[in-house]
>>> print(open('work06.csv').read())   # CSV, C-alpha atoms
chain,number,residue,atom,x,y,z
J,1,ALA,CA,-0.5,109.3,78.9
J,2,THR,CA,1.2,112.7,79.4
J,3,ALA,CA,1.5,112.1,83.2
J,4,SER,CA,3.0,108.7,82.8
J,5,LEU,CA,5.6,110.1,80.4
J,6,SER,CA,6.6,112.8,82.8
J,7,ASN,CA,7.0,110.3,85.6
J,8,GLU,CA,9.3,108.1,83.4
J,9,THR,CA,11.4,111.3,82.6
J,10,GLU,CA,11.8,112.2,86.2
J,11,ALA,CA,12.8,108.8,87.3
J,12,PRO,CA,16.3,108.8,85.7
J,13,THR,CA,16.9,112.3,87.0
J,14,THR,CA,16.1,111.3,90.5
J,15,LEU,CA,18.4,108.3,90.3
J,16,THR,CA,21.2,110.4,88.9
J,17,GLY,CA,20.8,112.9,91.7
J,18,ALA,CA,20.9,110.2,94.3
J,19,LEU,CA,24.1,108.7,92.9
J,20,SER,CA,25.7,112.2,92.8
J,21,GLN,CA,24.8,112.8,96.4
J,22,ARG,CA,26.2,109.5,97.5
J,23,ALA,CA,29.5,110.1,95.6
J,24,THR,CA,29.7,113.6,97.0
J,25,ALA,CA,29.2,112.2,100.6
J,26,ALA,CA,31.8,109.5,100.0
J,27,LEU,CA,34.4,111.9,98.8
J,28,ALA,CA,33.6,114.3,101.7
J,29,THR,CA,34.1,111.4,104.1
J,30,SER,CA,37.4,110.4,102.5
J,31,ALA,CA,38.6,114.0,102.6
J,32,ALA,CA,37.8,114.2,106.3
J,33,ALA,CA,39.7,110.9,106.9
J,34,LEU,CA,42.7,112.2,105.1
J,35,ALA,CA,42.6,115.5,107.0
J,36,ALA,CA,42.3,113.6,110.3
J,37,ALA,CA,45.1,111.2,109.5
J,38,PRO,CA,48.6,112.2,110.6
J,39,ALA,CA,50.7,113.9,107.9
J,40,PRO,CA,53.8,111.9,106.7
J,41,ALA,CA,56.8,112.9,108.8
J,42,ALA,CA,59.3,114.9,106.9
J,43,SER,CA,62.8,113.5,106.5
J,44,PHE,CA,65.3,114.9,109.1
J,45,VAL,CA,69.1,114.9,109.5
J,46,ARG,CA,70.8,113.2,112.4
J,47,LEU,CA,74.4,113.2,113.5
J,48,VAL,CA,76.4,109.9,113.8
J,49,ARG,CA,80.0,108.9,114.0
J,50,ALA,CA,81.6,108.5,110.7
J,51,TYR,CA,82.9,104.9,111.4
J,52,THR,CA,79.3,103.7,111.7
J,53,VAL,CA,78.5,104.6,108.1
J,54,TRP,CA,82.0,104.0,106.7
J,55,ARG,CA,82.0,103.2,103.0
J,56,SER,CA,84.6,100.4,102.9
J,57,LYS,CA,85.3,96.9,104.3
J,58,ASN,CA,87.3,98.0,107.3
J,59,THR,CA,86.3,96.9,110.8
J,60,PHE,CA,86.3,99.5,113.6
J,61,CYS,CA,86.6,98.7,117.3
J,62,CYS,CA,86.9,100.7,120.6
J,63,TRP,CA,84.3,103.2,119.4
J,64,GLY,CA,86.2,104.1,116.3
J,65,HIS,CA,89.6,104.7,117.9
J,66,LEU,CA,91.1,101.5,116.3
J,67,MET,CA,90.6,100.1,112.8
J,68,THR,CA,91.6,96.9,111.1
J,69,GLY,CA,90.8,95.1,107.8
J,70,PRO,CA,87.8,93.1,106.5
J,71,THR,CA,86.2,90.2,108.3
J,72,GLU,CA,87.4,87.8,105.5
J,73,ASP,CA,90.9,88.0,107.0
J,74,VAL,CA,89.8,86.6,110.4
J,75,GLY,CA,91.0,83.2,109.4
J,76,PRO,CA,94.6,84.1,108.3
J,77,ASN,CA,94.9,86.5,111.2
J,78,SER,CA,94.0,83.9,113.8
J,79,CYS,CA,96.5,81.5,112.1
J,80,ALA,CA,99.2,84.2,112.5
J,81,TRP,CA,98.3,84.6,116.2
J,82,LEU,CA,98.6,80.9,116.7
J,83,LEU,CA,102.0,80.7,115.0
J,84,ILE,CA,103.3,83.5,117.2
J,85,ALA,CA,101.8,82.3,120.5
J,86,LEU,CA,102.7,78.6,120.0
J,87,PRO,CA,106.5,78.9,120.5
J,88,ILE,CA,106.1,81.5,123.2
J,89,VAL,CA,103.7,79.3,125.3
J,90,VAL,CA,105.7,76.1,124.8
J,91,PHE,CA,109.0,77.7,125.6
J,92,THR,CA,107.6,79.5,128.7
J,93,VAL,CA,106.0,76.3,130.1
J,94,MET,CA,109.0,74.0,129.4
J,95,TRP,CA,111.9,76.3,130.0
J,96,GLY,CA,110.6,79.2,132.0
J,97,PRO,CA,111.3,77.9,135.5
J,98,VAL,CA,114.6,76.5,134.4
J,99,PHE,CA,116.0,79.7,132.9
J,100,PHE,CA,114.4,81.9,135.6
J,101,THR,CA,116.6,80.1,138.2
J,102,ALA,CA,119.7,79.5,136.2
J,103,HIS,CA,120.0,82.5,133.9
J,104,LEU,CA,117.7,85.3,134.9
J,105,ARG,CA,119.0,88.0,132.6
J,106,TYR,CA,118.5,85.8,129.6
J,107,TRP,CA,115.0,85.0,130.7
J,108,VAL,CA,114.1,88.7,131.1
J,109,PHE,CA,115.6,89.4,127.7
J,110,VAL,CA,113.5,86.7,126.0
J,111,ASN,CA,110.3,88.0,127.6
J,112,LEU,CA,111.0,91.5,126.5
J,113,SER,CA,111.4,90.2,122.9
J,114,PHE,CA,108.1,88.4,123.3
J,115,VAL,CA,106.4,91.6,124.4
J,116,SER,CA,108.0,93.5,121.5
J,117,VAL,CA,106.6,90.9,119.0
J,118,ILE,CA,103.0,91.2,120.3
J,119,PHE,CA,103.2,95.0,120.6
J,120,TRP,CA,104.4,95.6,117.0
J,121,PHE,CA,101.9,93.1,115.7
J,122,LEU,CA,99.0,94.9,117.4
J,123,VAL,CA,100.3,98.3,116.1
J,124,THR,CA,100.5,97.0,112.6
J,125,SER,CA,97.1,95.4,112.7
J,126,PHE,CA,95.1,98.3,114.3
J,127,THR,CA,96.8,101.3,112.7
J,128,ASP,CA,95.5,103.4,109.8
J,129,PRO,CA,97.8,102.4,107.0
J,130,GLY,CA,97.5,105.7,105.3
J,131,ILE,CA,93.9,105.7,103.9
J,132,LEU,CA,93.0,108.6,101.7
J,133,PRO,CA,89.6,110.2,102.3
J,134,ARG,CA,86.9,109.6,99.7
J,135,GLY,CA,85.4,112.4,97.6
J,136,GLU,CA,82.0,113.1,96.2
J,137,PRO,CA,81.1,111.9,92.7
J,138,PRO,CA,82.0,114.5,90.1
J,139,LYS,CA,79.3,116.2,88.0
J,140,THR,CA,81.5,115.8,84.9
J,141,PRO,CA,83.7,112.9,83.9
J,142,PRO,CA,87.3,113.7,85.2
J,143,GLN,CA,90.5,113.1,83.4
J,144,ALA,CA,92.2,109.8,84.2
J,145,VAL,CA,95.6,111.4,84.8
J,146,ARG,CA,96.6,114.9,85.9
J,147,TYR,CA,99.9,116.6,86.6
J,148,ARG,CA,100.4,118.9,89.5
J,149,THR,CA,103.4,121.1,90.3
J,150,VAL,CA,104.5,121.3,94.0
J,151,GLU,CA,106.4,124.1,95.8
J,152,ASN,CA,109.9,122.9,94.9
J,153,GLY,CA,109.0,122.8,91.2
J,154,ASP,CA,108.6,119.0,90.9
J,155,GLN,CA,105.8,117.8,88.8
J,156,LEU,CA,103.7,115.0,90.2
J,157,ARG,CA,101.4,112.7,88.3
J,158,GLU,CA,98.1,111.8,90.0
J,159,PHE,CA,95.6,109.1,88.9
J,160,TRP,CA,91.9,109.3,89.3
J,161,CYS,CA,90.2,106.6,91.4
J,162,TYR,CA,86.7,105.9,90.1
J,163,THR,CA,85.8,104.2,93.4
J,164,CYS,CA,87.0,106.8,95.9
J,165,ASN,CA,86.4,109.7,93.5
J,166,ILE,CA,89.8,111.3,94.3
J,167,TYR,CA,93.1,111.9,92.5
J,168,ARG,CA,95.6,109.7,94.3
J,169,PRO,CA,99.4,110.5,94.2
J,170,GLU,CA,102.0,108.2,92.8
J,171,GLY,CA,102.8,105.3,95.1
J,172,ALA,CA,99.2,105.2,96.3
J,173,SER,CA,96.9,102.4,95.1
J,174,HIS,CA,93.4,101.2,95.7
J,175,CYS,CA,93.2,98.0,97.8
J,176,ARG,CA,90.5,95.7,96.7
J,177,ASP,CA,90.4,93.8,100.0
J,178,CYS,CA,89.8,96.9,102.1
J,179,ASP,CA,88.2,99.0,99.4
J,180,ASN,CA,90.3,102.1,100.1
J,181,CYS,CA,93.0,104.1,98.5
J,182,VAL,CA,96.2,103.8,100.6
J,183,LEU,CA,99.2,106.1,100.5
J,184,ASP,CA,102.5,104.3,99.6
J,185,PHE,CA,100.6,101.1,99.3
J,186,ASP,CA,102.9,98.1,99.8
J,187,HIS,CA,100.6,95.1,99.9
J,188,HIS,CA,97.5,93.8,101.7
J,189,CYS,CA,98.5,91.4,104.5
J,190,PRO,CA,95.7,89.0,105.5
J,191,PHE,CA,97.9,87.7,108.4
J,192,THR,CA,98.0,91.2,110.0
J,193,ARG,CA,94.4,91.8,108.8
J,194,ASN,CA,95.4,95.2,107.4
J,195,CYS,CA,97.0,97.0,104.5
J,196,ILE,CA,100.6,97.8,104.7
J,197,GLY,CA,101.2,101.4,103.7
J,198,ALA,CA,102.8,104.7,104.6
J,199,ARG,CA,101.7,104.8,108.3
J,200,ASN,CA,102.3,101.2,109.4
J,201,TYR,CA,105.2,100.0,107.2
J,202,SER,CA,107.8,100.8,109.8
J,203,SER,CA,105.8,98.9,112.5
J,204,PHE,CA,105.5,96.0,110.1
J,205,ILE,CA,109.3,95.8,109.6
J,206,LEU,CA,109.8,96.0,113.4
J,207,PHE,CA,107.3,93.2,113.9
J,208,LEU,CA,109.2,91.0,111.5
J,209,THR,CA,112.5,91.9,113.0
J,210,SER,CA,111.4,91.3,116.6
J,211,THR,CA,109.9,88.0,115.6
J,212,ASN,CA,113.1,86.8,114.1
J,213,PHE,CA,115.0,88.1,117.0
J,214,GLY,CA,112.8,86.3,119.5
J,215,LEU,CA,113.0,83.0,117.7
J,216,ALA,CA,116.8,83.4,117.5
J,217,LEU,CA,116.9,83.9,121.3
J,218,ILE,CA,114.9,80.7,121.8
J,219,LEU,CA,117.4,78.8,119.6
J,220,VAL,CA,120.3,80.3,121.5
J,221,GLY,CA,118.8,79.2,124.8
J,222,LEU,CA,118.0,75.7,123.6
J,223,LEU,CA,121.1,75.0,121.6
J,224,ILE,CA,123.8,76.9,123.4
J,225,LEU,CA,122.9,78.0,127.0
J,226,ALA,CA,121.1,74.8,128.0
J,227,PRO,CA,124.0,72.5,127.1
J,228,SER,CA,126.5,74.9,128.5
J,229,PHE,CA,124.8,75.1,131.9
J,230,HIS,CA,123.8,71.4,131.9
J,231,LEU,CA,120.1,72.4,132.0
J,232,THR,CA,117.3,69.9,131.5
J,233,VAL,CA,113.8,70.6,130.3
J,234,MET,CA,110.9,70.5,132.7
J,235,PRO,CA,109.2,67.0,132.6
J,236,ILE,CA,105.8,67.0,130.9
J,237,ARG,CA,104.0,63.7,131.4
J,238,PHE,CA,101.0,62.5,129.5
J,239,ALA,CA,99.5,59.1,130.2
J,240,GLY,CA,102.6,58.2,132.1
J,241,ILE,CA,104.9,59.2,129.2
J,242,ASP,CA,107.4,62.0,129.4
J,243,LEU,CA,106.9,64.3,126.4
J,244,GLY,CA,109.4,66.9,127.4
J,245,GLY,CA,112.2,65.7,125.0
J,246,LEU,CA,109.8,65.3,122.0
J,247,LEU,CA,108.3,68.8,122.5
J,248,ASN,CA,111.7,70.3,122.9
J,249,ALA,CA,112.9,68.8,119.6
J,250,MET,CA,109.7,69.9,117.9
J,251,LEU,CA,110.2,73.5,119.3
J,252,ILE,CA,113.7,73.6,117.9
J,253,VAL,CA,112.7,72.4,114.4
J,254,TYR,CA,109.7,74.8,114.4
J,255,SER,CA,111.8,77.8,115.4
J,256,ILE,CA,114.5,77.0,112.8
J,257,LEU,CA,111.9,76.8,110.0
J,258,LEU,CA,110.2,80.0,111.1
J,259,VAL,CA,113.4,81.8,111.4
J,260,VAL,CA,114.5,80.8,107.9
J,261,LEU,CA,111.1,81.8,106.3
J,262,LEU,CA,110.6,85.0,108.2
J,263,GLY,CA,114.3,85.9,107.8
J,264,LEU,CA,114.1,85.7,104.1
J,265,PHE,CA,110.8,87.7,104.1
J,266,ASN,CA,112.3,90.3,106.5
J,267,GLY,CA,115.5,90.6,104.4
J,268,TYR,CA,113.4,91.2,101.3
J,269,HIS,CA,111.6,94.1,102.9
J,270,LEU,CA,114.8,95.6,104.3
J,271,SER,CA,116.2,95.5,100.8
J,272,LEU,CA,113.1,97.4,99.6
J,273,VAL,CA,113.7,100.0,102.3
J,274,VAL,CA,117.2,100.6,101.1
J,275,ALA,CA,116.0,100.8,97.5
J,276,GLY,CA,113.2,103.2,98.4
J,277,LEU,CA,110.5,101.0,96.8
J,278,THR,CA,107.3,99.3,97.8
J,279,THR,CA,106.5,95.7,97.1
J,280,ARG,CA,104.0,96.7,94.5
J,281,GLU,CA,106.4,99.0,92.7
J,282,HIS,CA,109.1,96.3,92.8
J,283,LEU,CA,106.9,93.6,91.4
J,284,LYS,CA,105.6,95.8,88.6
J,285,GLY,CA,109.1,97.2,87.8
J,286,LYS,CA,108.3,100.8,88.7
J,287,ASP,CA,111.1,102.8,90.2
J,288,ILE,CA,110.2,106.3,89.0
J,289,ARG,CA,109.6,107.7,92.5
J,290,LYS,CA,112.3,106.3,94.9
J,291,ARG,CA,112.1,107.5,98.4
J,292,GLY,CA,114.9,108.1,100.8
J,293,LEU,CA,115.9,105.7,103.5
J,294,CYS,CA,114.6,107.9,106.3
J,295,ASP,CA,111.3,108.6,104.5
J,296,ARG,CA,110.7,104.9,104.1
J,297,PHE,CA,111.7,103.6,107.5
J,298,ARG,CA,110.7,106.5,109.8
J,299,CYS,CA,107.9,106.0,112.3
J,300,ALA,CA,105.3,107.2,109.9
J,301,ALA,CA,102.5,106.3,112.3
J,302,CYS,CA,103.3,109.5,114.2
J,303,ASP,CA,101.9,111.5,111.3
J,304,ALA,CA,98.3,112.6,111.6
J,305,SER,CA,95.8,110.3,109.9
J,306,GLN,CA,93.9,111.9,107.0
J,307,ILE,CA,90.7,110.1,108.0
J,308,LYS,CA,88.5,110.9,111.0
J,309,PRO,CA,86.4,107.9,111.9
J,310,ARG,CA,85.0,109.6,115.0
J,311,GLN,CA,83.9,112.8,113.3
J,312,LEU,CA,80.2,113.6,113.4
J,313,VAL,CA,78.6,113.4,110.0
J,314,GLU,CA,75.0,114.2,108.9
J,315,VAL,CA,72.8,111.3,107.8
J,316,GLU,CA,69.4,111.8,106.3
J,317,ASN,CA,66.7,109.7,108.0
J,318,LYS,CA,63.4,109.0,106.2
J,319,PRO,CA,61.0,107.2,108.5
J,320,ASN,CA,58.4,104.9,106.9
J,321,VAL,CA,55.0,106.4,107.6
J,322,PRO,CA,51.8,104.7,106.3
J,323,ILE,CA,49.7,106.7,103.9
J,324,PRO,CA,45.9,106.4,103.8
J,325,VAL,CA,44.5,104.7,100.7
J,326,ILE,CA,41.0,105.2,99.4
J,327,SER,CA,39.5,101.8,98.5
J,328,MET,CA,36.6,101.2,96.1
J,329,SER,CA,34.3,100.1,99.0
J,330,GLN,CA,34.5,103.6,100.4
J,331,LEU,CA,33.1,105.2,97.2
>>> encode(input="work06.csv", output="structure tokens")
Amino acid sequence: ATASLSNETEAPTTLTGALSQRATAALATSAAALAAAPAPAASFVRLVRAYTVWRSKNTFCCWGHLMTGPTEDVGPNSCAWLLIALPIVVFTVMWGPVFFTAHLRYWVFVNLSFVSVIFWFLVTSFTDPGILPRGEPPKTPPQAVRYRTVENGDQLREFWCYTCNIYRPEGASHCRDCDNCVLDFDHHCPFTRNCIGARNYSSFILFLTSTNFGLALILVGLLILAPSFHLTVMPIRFAGIDLGGLLNAMLIVYSILLVVLLGLFNGYHLSLVVAGLTTREHLKGKDIRKRGLCDRFRCAACDASQIKPRQLVEVENKPNVPIPVISMSQL
């Protein structure tokens, strides 16, 4: 009886020891597997061009040398290109050979005006309008308005932008379409696919002026020079029907309508230039900071841009590395 009792006492002890040995062996195997597995790669910093990680809705092209607005403006911008190219193409096809032979100087002058329209439109569309660089989020909540005294003793009022984390000067505003603070913000123009601000306002005015001038030259040729020199339009036949006269009449009506509309718009902006105001200031009734005529109309695009899209910036890269997991079947 004593021997059987001792055997029953030793049985649980032997079973517990066997389980402990198996658990110890499983843990040792798991530890060896973890030691043999590659360690998670530490995050590292790589250098990239700033325009590739730009925190706004702008679109960059030519490896960051040129910039324009958001992709939502592709439709209006394409419409503007069509409105510009349509009278140029129609006039060139219908009247190009005629005026080239009969009045070469006029034809050269018209083509120069066409080149000017396209040039200033491209400059307006692909120029930095005066974007202010963003700042880092502050550790403490900043004041909404601050006053700063400049060298000549004038006191400037600056407003905090909670999106760009900077104090922007008077006249600057945050554009919701491009998601940037723009210096001397005038308006966002979807037709040029860009904001109109301090650095491209003069090119915008020159684009409007050259467009009106080019359309006026077309009307002068069609309504004055052609009748004076007894010139006739080139015949354009479609299905045996001459469409030259109809297209010529449509071109005249189109040019008159566009000259009137763009002329009024151009005159409005020229009046703002004389008044030293932006469109936004005029619509909101703010005239506390009038600028001189030279400051408003000078070729501001010659000033250095405050942003550097091609600058190398550090970006933290954290690769996804699988981590070994101990399953219940291993224990």
>>> atom_distance(input="work06.csv", atom1="CA of Gly244 in chain J", atom2="CA of Ile256 in chain J")
18.5 Å
>>> closest_residue(input="work06.csv", among="J:Arg168, J:Arg146, J:His269, J:Arg237", to="Phe204 in chain J", atoms="all atoms listed in the file")
J:His269
>>> closest_residue(input="work06.csv", among="J:Ala198, J:Leu272, J:Ile307, J:Thr92", to="Gly135 in chain J", atoms="all atoms listed in the file")
J:Ile307
>>> atom_distance(input="work06.csv", atom1="CA of Ile196 in chain J", atom2="CA of Pro76 in chain J")
15.4 Å
>>> atom_distance(input="work06.csv", atom1="CA of Glu136 in chain J", atom2="CA of Arg46 in chain J")
19.7 Å
>>> closest_residue(input="work06.csv", among="J:Leu270, J:Val108, J:Leu83, J:Ile131", to="His174 in chain J", atoms="all atoms listed in the file")
J:Ile131
>>> residues_near_point(input="work06.csv", point="(95.0, 104.5, 100.6)", cutoff="8 Å", atoms="all atoms listed in the file", output="ChimeraX atom specification")
/J:129-132,172-175,180-185,197
>>> residues_around(input="work06.csv", residues="Lys57 in chain J", least_positions_apart="2", cutoff="8 Å", atoms="all atoms listed in the file", output="ChimeraX atom specification")
/J:55,59,69-71,177-179
>>> decode(input="work06.csv", residues="range 134-146 of chain J", atoms="all heavy atoms", output="CSV table (one decimal), in the first residue's frame")
chain,number,residue,atom,x,y,z
J,134,ARG,N,5.4,78.0,-46.3
J,134,ARG,CA,4.7,77.6,-45.1
J,134,ARG,C,5.7,77.5,-43.9
J,134,ARG,O,6.9,77.3,-44.1
J,134,ARG,CB,4.0,76.2,-45.3
J,134,ARG,CG,2.9,76.3,-46.3
J,134,ARG,CD,2.1,75.0,-46.2
J,134,ARG,NE,1.0,75.1,-47.2
J,134,ARG,CZ,-0.2,74.4,-47.1
J,134,ARG,NH1,-0.3,73.6,-46.1
J,134,ARG,NH2,-1.1,74.5,-48.0
J,135,GLY,N,5.1,77.5,-42.7
J,135,GLY,CA,5.9,77.3,-41.5
J,135,GLY,C,5.5,76.1,-40.8
J,135,GLY,O,4.6,75.3,-41.2
J,136,GLU,N,6.2,75.8,-39.7
J,136,GLU,CA,6.0,74.6,-38.9
J,136,GLU,C,4.9,74.9,-37.9
J,136,GLU,O,4.7,76.1,-37.4
J,136,GLU,CB,7.2,74.1,-38.2
J,136,GLU,CG,8.3,73.7,-39.1
J,136,GLU,CD,7.9,72.5,-39.9
J,136,GLU,OE1,7.1,71.7,-39.4
J,136,GLU,OE2,8.4,72.4,-41.1
J,137,PRO,N,4.1,73.9,-37.5
J,137,PRO,CA,3.0,74.2,-36.5
J,137,PRO,C,3.6,74.7,-35.2
J,137,PRO,O,4.6,74.1,-34.7
J,137,PRO,CB,2.4,72.8,-36.3
J,137,PRO,CG,2.7,72.1,-37.6
J,137,PRO,CD,4.0,72.6,-38.0
J,138,PRO,N,3.0,75.7,-34.6
J,138,PRO,CA,3.6,76.3,-33.4
J,138,PRO,C,3.3,75.4,-32.2
J,138,PRO,O,2.3,74.7,-32.1
J,138,PRO,CB,2.9,77.7,-33.2
J,138,PRO,CG,1.6,77.5,-34.0
J,138,PRO,CD,1.9,76.5,-35.1
J,139,LYS,N,4.1,75.5,-31.2
J,139,LYS,CA,3.9,74.7,-29.9
J,139,LYS,C,2.8,75.3,-29.1
J,139,LYS,O,2.2,74.6,-28.3
J,139,LYS,CB,5.2,74.6,-29.2
J,139,LYS,CG,6.3,73.9,-29.9
J,139,LYS,CD,7.6,73.8,-29.1
J,139,LYS,CE,8.7,73.0,-29.9
J,139,LYS,NZ,9.9,72.9,-29.1
J,140,THR,N,2.7,76.7,-29.1
J,140,THR,CA,1.7,77.3,-28.4
J,140,THR,C,0.7,78.1,-29.3
J,140,THR,O,1.2,78.5,-30.4
J,140,THR,CB,2.3,78.4,-27.4
J,140,THR,OG1,3.1,79.3,-28.1
J,140,THR,CG2,3.2,77.6,-26.4
J,141,PRO,N,-0.5,78.2,-29.0
J,141,PRO,CA,-1.4,78.9,-29.9
J,141,PRO,C,-1.0,80.4,-30.1
J,141,PRO,O,-0.8,81.1,-29.2
J,141,PRO,CB,-2.8,78.9,-29.1
J,141,PRO,CG,-2.6,77.7,-28.2
J,141,PRO,CD,-1.2,77.7,-27.8
J,142,PRO,N,-0.8,80.8,-31.4
J,142,PRO,CA,-0.4,82.2,-31.7
J,142,PRO,C,-1.5,83.2,-31.6
J,142,PRO,O,-2.7,82.8,-31.6
J,142,PRO,CB,0.2,82.0,-33.1
J,142,PRO,CG,-0.7,81.0,-33.7
J,142,PRO,CD,-1.0,80.0,-32.6
J,143,GLN,N,-1.1,84.4,-31.6
J,143,GLN,CA,-2.1,85.5,-31.7
J,143,GLN,C,-2.7,85.6,-33.1
J,143,GLN,O,-2.0,85.4,-34.1
J,143,GLN,CB,-1.5,86.8,-31.2
J,143,GLN,CG,-1.1,86.9,-29.8
J,143,GLN,CD,-0.5,88.2,-29.4
J,143,GLN,OE1,-0.3,89.1,-30.3
J,143,GLN,NE2,-0.2,88.4,-28.1
J,144,ALA,N,-4.0,85.9,-33.2
J,144,ALA,CA,-4.6,86.0,-34.5
J,144,ALA,C,-4.0,87.2,-35.3
J,144,ALA,O,-3.9,87.1,-36.5
J,144,ALA,CB,-6.1,86.1,-34.4
J,145,VAL,N,-3.7,88.3,-34.6
J,145,VAL,CA,-3.2,89.5,-35.3
J,145,VAL,C,-2.0,90.0,-34.5
J,145,VAL,O,-2.0,90.0,-33.3
J,145,VAL,CB,-4.3,90.6,-35.4
J,145,VAL,CG1,-3.7,91.8,-36.1
J,145,VAL,CG2,-5.5,90.1,-36.1
J,146,ARG,N,-1.0,90.5,-35.3
J,146,ARG,CA,0.2,91.1,-34.6
J,146,ARG,C,0.6,92.3,-35.4
J,146,ARG,O,0.3,92.4,-36.6
J,146,ARG,CB,1.4,90.1,-34.5
J,146,ARG,CG,2.1,89.9,-35.8
J,146,ARG,CD,3.3,89.0,-35.6
J,146,ARG,NE,4.1,88.9,-36.9
J,146,ARG,CZ,5.2,88.2,-37.0
J,146,ARG,NH1,5.7,87.5,-36.0
J,146,ARG,NH2,5.8,88.1,-38.2
